[in-house]
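Source file: upload-v8.txt; contents: compact mmCIF, C-alpha atoms and all ligand atoms.
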```txt
# COMPACT_ATOMS: atom_id res chain seq x y z
CA MET A 205 -2.24 5.37 18.77
CA ARG A 206 -1.01 4.11 15.39
CA ASP A 207 0.97 6.47 13.17
CA PHE A 208 -0.39 7.26 9.73
CA LEU A 209 1.43 6.08 6.62
CA VAL A 210 0.80 8.11 3.47
CA ALA A 211 2.14 6.19 0.48
CA GLY A 212 2.36 7.34 -3.14
CA ASN A 213 2.05 4.65 -5.79
CA TRP A 214 3.43 6.37 -8.87
CA LYS A 215 2.52 3.38 -11.07
CA MET A 216 4.03 3.50 -14.60
CA ASN A 217 4.46 7.27 -14.81
CA GLY A 218 7.16 9.89 -15.20
CA SER A 219 10.68 10.30 -16.51
CA ILE A 220 14.08 11.12 -15.00
CA ALA A 221 13.27 14.82 -15.01
CA ALA A 222 9.65 14.56 -13.89
CA ASN A 223 10.29 12.03 -11.13
CA ALA A 224 13.30 13.94 -9.78
CA GLU A 225 11.15 17.06 -9.63
CA LEU A 226 8.28 15.21 -7.95
CA ALA A 227 10.56 13.64 -5.32
CA SER A 228 12.28 16.98 -4.59
CA GLY A 229 8.93 18.74 -4.31
CA ILE A 230 7.73 16.20 -1.77
CA VAL A 231 10.93 16.33 0.30
CA GLU A 232 10.81 20.12 0.39
CA GLY A 233 7.17 20.22 1.44
CA VAL A 234 6.99 17.56 4.16
CA PRO A 235 4.64 19.02 6.77
CA GLN A 236 5.88 19.84 10.26
CA GLY A 237 4.58 17.68 13.07
CA GLY A 238 4.53 14.03 13.96
CA GLY A 239 2.45 10.91 13.98
CA PHE A 240 2.86 10.18 10.28
CA ARG A 241 5.31 8.86 7.73
CA LEU A 242 5.49 9.42 4.00
CA LEU A 243 6.49 6.86 1.38
CA VAL A 244 6.91 7.03 -2.38
CA CYS A 245 6.95 4.05 -4.75
CA PRO A 246 8.43 5.08 -8.13
CA PRO A 247 8.83 2.77 -11.15
CA PHE A 248 11.91 0.49 -10.98
CA PRO A 249 14.27 2.53 -13.23
CA TYR A 250 13.96 5.57 -10.95
CA LEU A 251 14.27 3.88 -7.55
CA ALA A 252 17.96 4.59 -7.00
CA MET A 253 17.69 8.17 -8.24
CA VAL A 254 14.66 8.93 -6.09
CA GLY A 255 16.36 7.17 -3.16
CA ASP A 256 19.25 9.65 -3.46
CA ILE A 257 16.85 12.59 -3.41
CA LEU A 258 15.11 11.20 -0.30
CA GLN A 259 18.38 10.82 1.65
CA GLY A 260 18.16 12.57 5.01
CA SER A 261 14.42 13.23 4.68
CA ASN A 262 11.69 11.34 6.48
CA VAL A 263 10.20 10.12 3.20
CA ALA A 264 10.74 6.41 2.69
CA LEU A 265 11.32 4.54 -0.57
CA GLY A 266 9.27 1.57 -1.76
CA ALA A 267 8.74 -0.58 -4.85
CA GLN A 268 5.53 -1.46 -6.67
CA ASN A 269 6.28 -5.13 -7.28
CA VAL A 270 8.94 -7.77 -6.63
CA SER A 271 9.92 -11.26 -7.67
CA ASP A 272 9.37 -14.14 -5.26
CA ARG A 273 12.76 -15.59 -6.31
CA GLU A 274 16.15 -14.69 -4.88
CA SER A 275 18.33 -14.55 -8.00
CA GLY A 276 19.14 -16.34 -11.22
CA ALA A 277 17.59 -17.03 -14.59
CA PHE A 278 14.33 -15.10 -14.27
CA THR A 279 14.45 -12.68 -17.19
CA GLY A 280 12.78 -9.38 -16.51
CA GLU A 281 12.28 -9.96 -12.78
CA THR A 282 13.63 -7.93 -9.86
CA ALA A 283 14.85 -9.71 -6.72
CA PRO A 284 13.87 -8.54 -3.23
CA SER A 285 17.56 -8.19 -2.32
CA MET A 286 18.02 -5.75 -5.24
CA LEU A 287 15.21 -3.54 -3.97
CA LYS A 288 16.71 -3.62 -0.50
CA ASP A 289 20.08 -2.80 -2.02
CA VAL A 290 18.81 0.42 -3.62
CA GLY A 291 17.21 1.53 -0.36
CA CYS A 292 13.63 0.26 -0.46
CA GLU A 293 11.96 -0.23 2.90
CA PHE A 294 8.53 -1.22 1.54
CA VAL A 295 7.10 -3.22 -1.37
CA ILE A 296 3.50 -3.09 -2.59
CA VAL A 297 2.28 -6.66 -3.16
CA GLY A 298 -0.97 -7.84 -4.67
CA HIS A 299 -2.10 -4.52 -6.11
CA SER A 300 -5.37 -5.13 -7.97
CA GLU A 301 -3.74 -4.10 -11.26
CA ARG A 302 -1.17 -6.89 -10.79
CA ARG A 303 -3.90 -9.35 -9.87
CA ALA A 304 -6.24 -8.39 -12.74
CA LEU A 305 -3.83 -7.51 -15.57
CA TYR A 306 -0.90 -9.84 -14.81
CA GLY A 307 -2.76 -12.82 -13.39
CA GLU A 308 -1.24 -12.76 -9.91
CA THR A 309 -3.03 -15.35 -7.81
CA ASP A 310 -3.56 -15.21 -4.05
CA ASP A 311 -0.71 -17.71 -3.65
CA ALA A 312 1.65 -15.74 -5.89
CA VAL A 313 0.91 -12.64 -3.80
CA ALA A 314 1.59 -14.59 -0.60
CA ALA A 315 4.94 -15.76 -2.02
CA LYS A 316 5.92 -12.15 -2.84
CA PHE A 317 4.83 -11.05 0.63
CA MET A 318 7.19 -13.61 2.17
CA ALA A 319 10.04 -12.84 -0.22
CA THR A 320 9.76 -9.15 0.68
CA GLN A 321 10.07 -9.91 4.38
CA SER A 322 12.94 -12.36 3.84
CA ALA A 323 14.94 -9.48 2.36
CA GLY A 324 14.18 -7.28 5.37
CA MET A 325 11.50 -5.07 3.83
CA ILE A 326 7.87 -4.45 4.74
CA PRO A 327 5.17 -5.70 2.37
CA ILE A 328 2.07 -3.56 1.80
CA LEU A 329 -0.54 -6.22 1.11
CA CYS A 330 -3.39 -4.92 -1.07
CA LEU A 331 -6.86 -6.39 -0.65
CA GLY A 332 -10.03 -5.30 -2.41
CA GLU A 333 -13.24 -6.28 -4.14
CA THR A 334 -14.50 -5.40 -7.62
CA LEU A 335 -17.78 -3.54 -8.16
CA GLU A 336 -19.41 -6.80 -9.24
CA GLU A 337 -18.30 -8.51 -6.05
CA ARG A 338 -19.52 -5.61 -3.89
CA GLU A 339 -22.89 -5.59 -5.62
CA ALA A 340 -23.16 -9.35 -5.15
CA GLY A 341 -22.60 -8.84 -1.42
CA THR A 342 -19.35 -10.81 -1.39
CA THR A 343 -16.93 -8.06 -0.27
CA ALA A 344 -16.07 -9.73 3.05
CA GLU A 345 -15.68 -13.12 1.41
CA VAL A 346 -13.24 -11.76 -1.20
CA ILE A 347 -11.19 -9.85 1.38
CA ASP A 348 -11.05 -12.91 3.65
CA ARG A 349 -9.89 -15.15 0.80
CA GLN A 350 -7.10 -12.73 -0.20
CA PHE A 351 -6.03 -12.21 3.42
CA ASP A 352 -6.24 -15.88 4.47
CA ALA A 353 -4.02 -16.95 1.55
CA VAL A 354 -1.20 -14.91 3.06
CA VAL A 355 -1.88 -16.04 6.63
CA ASP A 356 -1.91 -19.67 5.49
CA MET A 357 1.43 -19.40 3.72
CA ALA A 358 3.32 -16.87 5.87
CA GLY A 359 1.71 -17.46 9.29
CA VAL A 360 -0.03 -14.82 11.37
CA SER A 361 3.20 -13.67 13.05
CA ALA A 362 4.32 -12.33 9.64
CA PHE A 363 1.85 -9.49 10.16
CA GLU A 364 4.20 -8.14 12.82
CA ASP A 365 6.14 -6.47 9.97
CA ALA A 366 3.51 -5.75 7.39
CA VAL A 367 1.03 -3.12 6.27
CA ILE A 368 -2.38 -3.85 4.76
CA ALA A 369 -4.05 -1.64 2.15
CA TYR A 370 -7.77 -1.89 1.50
CA GLU A 371 -8.31 -0.80 -2.09
CA PRO A 372 -11.80 -1.30 -3.48
CA VAL A 373 -11.11 -1.94 -7.18
CA TRP A 374 -14.13 0.18 -8.18
CA ALA A 375 -12.59 3.22 -6.49
CA ILE A 376 -9.12 3.01 -8.07
CA GLY A 377 -8.47 5.69 -10.64
CA THR A 378 -12.22 6.22 -11.12
CA GLY A 379 -12.76 9.30 -8.97
CA MET A 380 -15.36 7.20 -7.11
CA THR A 381 -14.01 7.19 -3.55
CA ALA A 382 -15.49 4.89 -0.95
CA THR A 383 -17.27 6.94 1.68
CA PRO A 384 -15.47 7.07 5.02
CA GLU A 385 -18.18 4.79 6.43
CA GLN A 386 -17.90 2.25 3.59
CA ALA A 387 -14.12 2.13 4.00
CA GLN A 388 -14.31 2.00 7.80
CA ASP A 389 -16.66 -1.02 7.63
CA VAL A 390 -14.13 -3.03 5.64
CA HIS A 391 -11.12 -1.81 7.65
CA LYS A 392 -12.89 -2.85 10.83
CA HIS A 393 -13.65 -6.23 9.30
CA ILE A 394 -9.99 -6.78 8.35
CA ARG A 395 -8.78 -5.76 11.80
CA ALA A 396 -11.33 -8.08 13.43
CA ARG A 397 -10.22 -10.97 11.25
CA LEU A 398 -6.61 -10.44 12.33
CA ALA A 399 -7.76 -9.99 15.95
CA GLY A 400 -9.34 -13.44 15.73
CA LEU A 401 -5.78 -14.75 15.29
CA ASP A 402 -3.76 -12.25 17.34
CA VAL A 403 -5.31 -9.34 19.23
CA GLY A 404 -2.01 -7.51 19.78
CA LEU A 405 -1.07 -7.57 16.08
CA ALA A 406 -4.53 -6.37 15.09
CA GLU A 407 -4.18 -3.34 17.34
CA LYS A 408 -0.76 -2.54 15.94
CA ILE A 409 -1.12 -3.09 12.21
CA GLN A 410 -1.56 -0.12 9.88
CA ILE A 411 -4.46 -0.52 7.44
CA LEU A 412 -4.31 2.02 4.61
CA TYR A 413 -7.19 3.04 2.36
CA GLY A 414 -6.61 3.35 -1.39
CA GLY A 415 -8.92 4.48 -4.17
CA SER A 416 -9.22 8.07 -5.39
CA MET A 417 -7.97 9.56 -2.12
CA LYS A 418 -7.34 13.30 -2.48
CA GLY A 419 -6.67 16.33 -0.32
CA ASP A 420 -10.35 17.08 0.05
CA ASN A 421 -11.57 13.61 1.03
CA ALA A 422 -8.48 12.60 3.06
CA PRO A 423 -9.57 14.26 6.36
CA GLY A 424 -12.87 12.33 6.40
CA LEU A 425 -11.22 9.02 5.57
CA LEU A 426 -8.27 9.46 7.95
CA GLY A 427 -10.70 10.49 10.68
CA MET A 428 -12.13 6.98 10.85
CA PRO A 429 -10.87 4.82 13.72
CA ASP A 430 -9.52 1.95 11.61
CA ILE A 431 -8.01 3.92 8.71
CA ASP A 432 -4.29 4.45 9.29
CA GLY A 433 -3.22 6.18 6.11
CA GLY A 434 -3.56 6.06 2.37
CA LEU A 435 -2.16 4.36 -0.71
CA ILE A 436 -2.48 7.05 -3.33
CA GLY A 437 -2.20 6.76 -7.10
CA GLY A 438 -3.36 9.72 -9.17
CA ALA A 439 -3.00 12.32 -6.42
CA SER A 440 0.57 11.21 -5.67
CA LEU A 441 1.84 12.43 -9.05
CA LYS A 442 1.81 16.11 -8.12
CA ALA A 443 3.76 17.14 -5.04
CA SER A 444 1.15 19.66 -3.89
CA ASP A 445 -1.70 17.11 -4.17
CA PHE A 446 0.27 14.48 -2.27
CA LEU A 447 1.33 16.98 0.39
CA ALA A 448 -2.29 18.05 0.87
CA ILE A 449 -3.07 14.46 1.87
CA ALA A 450 0.06 14.35 4.05
CA ALA A 451 -1.15 17.48 5.83
CA ALA A 452 -4.35 15.64 6.78
CA ALA A 453 -2.24 12.94 8.42
CA VAL A 454 -0.35 15.21 10.83
CA GLN A 455 -1.35 14.30 14.37
CA SER A 456 -0.92 16.87 17.05
P1 LIG B 1 -5.87 6.10 -7.21
O1 LIG B 1 -5.00 4.75 -7.11
O2 LIG B 1 -5.52 6.93 -6.01
O3 LIG B 1 -5.46 6.71 -8.51
O4 LIG B 1 -7.31 5.68 -7.20
C1 LIG B 1 -4.81 4.09 -5.90
C2 LIG B 1 -3.98 2.85 -6.11
O5 LIG B 1 -4.17 2.16 -7.13
O6 LIG B 1 -3.11 2.50 -5.29
```
Entire entry expressed as structure tokens:
Amino acid sequence: MRDFLVAGNWKMNGSIAANAELASGIVEGVPQGGGFRLLVCPPFPYLAMVGDILQGSNVALGAQNVSDRESGAFTGETAPSMLKDVGCEFVIVGHSERRALYGETDDAVAAKFMATQSAGMIPILCLGETLEEREAGTTAEVIDRQFDAVVDMAGVSAFEDAVIAYEPVWAIGTGMTATPEQAQDVHKHIRARLAGLDVGLAEKIQILYGGSMKGDNAPGLLGMPDIDGGLIGGASLKASDFLAIAAAAVQS
């Protein structure tokens, strides 16, 4: 049985006061029980502060983006080693907002995936189709292209220390959640594609769902056989909303 991972992607939100309060609220409300892990990914300026608040809790720290370079003259970039240094265990790579708004290509995402692992952290690789692509019937093709770019560059064994997040772009921030069946179909497809390369890794890898996940739809989504957690945006910005999803991930 795979553990659930419930990850909050805070995106570009908050302040010192608001993010300290959010982190403390989450730490104080972590549900009893096992079979799950929580993760929060604050904006860069708050990573160290939130990391301090998470000390001694079972809530992990992650970043929303990373440079694929190690150090040097790359103005405005953040090296993987710096994220590791402030306590990050995970890095989100290839989020659809980075792909669509900042022009990150499949190859750029693959390079960030590898850089994250080189620094000893776990990449959360986001894959997902737009509404146009879904309506054109090309969902599987898009997912395969995004996934294969990473396999081609990093090798399949890199998925030993990685998490995948399926995030249909049309469901992000729109309130339009994929149904559990729609999400399960794609999760199953991703797992099968990895199984075609390595059956053991496919069984082991956590595949998160992201896109308007909330306390009320989390039980249905997390109840599907190939959904191993969530990558949550909007509902991760209020401790009680995030904890409601966490509660759905407790396995007895
Ligand atoms: P959402 O965002 O939960 O607000 O839809 C999910 C994400 O972008 O990771």
Would you work out the distance separating CA of Met253 in chain A from CA of Gly291 in chain A, expressed in Å to one decimal?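 One can read the CA of Met253 in chain A to CA of Gly291 in chain A distance as 10.3 Å.
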Residues within 9 Å of ligand LIG 1 (chain B) should be enumerated using all atoms listed in the file and returned as an MDAnalysis selection string. chainID A and resid 211:215 299:301 330 369 371 373:381 413:418 434:440
For Leu287 in chain A, which residue among A:Leu305, A:Ala252, A:Val313, A:Ala362 is the nearest when counting only C-alpha atoms?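 Ranking A:Leu305, A:Ala252, A:Val313, A:Ala362 by distance to Leu287 in chain A, first place goes to A:Ala252.
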Calculate how many Å separate CA of Ser361 in chain A from CA of Ile409 in chain A, rounding to one decimal. 11.5 Å
For the atom pair CA of Gly433 in chain A and CA of Ala340 in chain A, what is the interatomic distance in Å to one decimal place? 27.7 Å
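Non-sequential neighbours of range 309-312 of chain A (distance at most 9 Å, separation of 4 or more positions within a chain, only C-alpha atoms) are Asp272, Gly298, Arg303, Lys316, Phe317, Arg349, Gln350, Phe351, Asp352, Ala353, Val354 and Met357 of chain A.
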Please write the residues from the selection above to a file, keeping C-alpha atoms, as a CSV table (one decimal), in the coordinates of the input.
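See out-v4.csv below for the written result:
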```csv
chain,number,residue,atom,x,y,z
A,272,ASP,CA,9.4,-14.1,-5.3
A,298,GLY,CA,-1.0,-7.8,-4.7
A,303,ARG,CA,-3.9,-9.4,-9.9
A,316,LYS,CA,5.9,-12.2,-2.8
A,317,PHE,CA,4.8,-11.0,0.6
A,349,ARG,CA,-9.9,-15.2,0.8
A,350,GLN,CA,-7.1,-12.7,-0.2
A,351,PHE,CA,-6.0,-12.2,3.4
A,352,ASP,CA,-6.2,-15.9,4.5
A,353,ALA,CA,-4.0,-17.0,1.6
A,354,VAL,CA,-1.2,-14.9,3.1
A,357,MET,CA,1.4,-19.4,3.7
```
Smallest atom-to-atom distance to Met286 in chain A: which of A:Glu274, A:Glu225, A:Glu385, A:Asp207, using all atoms listed in the file?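 When distances to Met286 in chain A are compared using all atoms listed in the file, the smallest one comes from A:Glu274.
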Just checking: using all atoms listed in the file, which residue out of A:Asn217, A:Gln386, A:Thr279, A:Asn262 ends up closest to Phe240 in chain A? A:Asn262
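Taking all atoms listed in the file, the non-local environment of Glu232 in chain A within 12 Å (same-chain residues fewer than 5 positions away omitted) comprises Glu225, Leu226, Ala227, Ile257, Leu258, Gly260, Ser261, Asn262, Val263, Ala443, Ser444 and Leu447 of chain A.
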Please identify all polymer residues within 7 Å of Pro384 in chain A, counting all atoms listed in the file, omitting same-chain residues fewer than 4 positions from it, and present them as a ChimeraX atom specification. /A:388,424-425,428
Using only C-alpha atoms, which residue out of A:Cys292, A:Leu441, A:Ala277, A:Ile347 lies closest to Ala222 in chain A? A:Leu441
Which residue of A:Arg273, A:Lys408, A:Lys392, A:Arg397 approaches Pro429 in chain A most closely, using all atoms listed in the file: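 Among A:Arg273, A:Lys408, A:Lys392, A:Arg397, it is A:Lys392 that comes nearest to Pro429 in chain A.
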Sphere at (10.6, -1.2, 2.5), radius 6 Å, counting only C-alpha atoms: residues as a list in words: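 It turns out the residues near that spot are Gly266, Cys292, Glu293, Phe294, Val295, Met325 and Ile326 of chain A.
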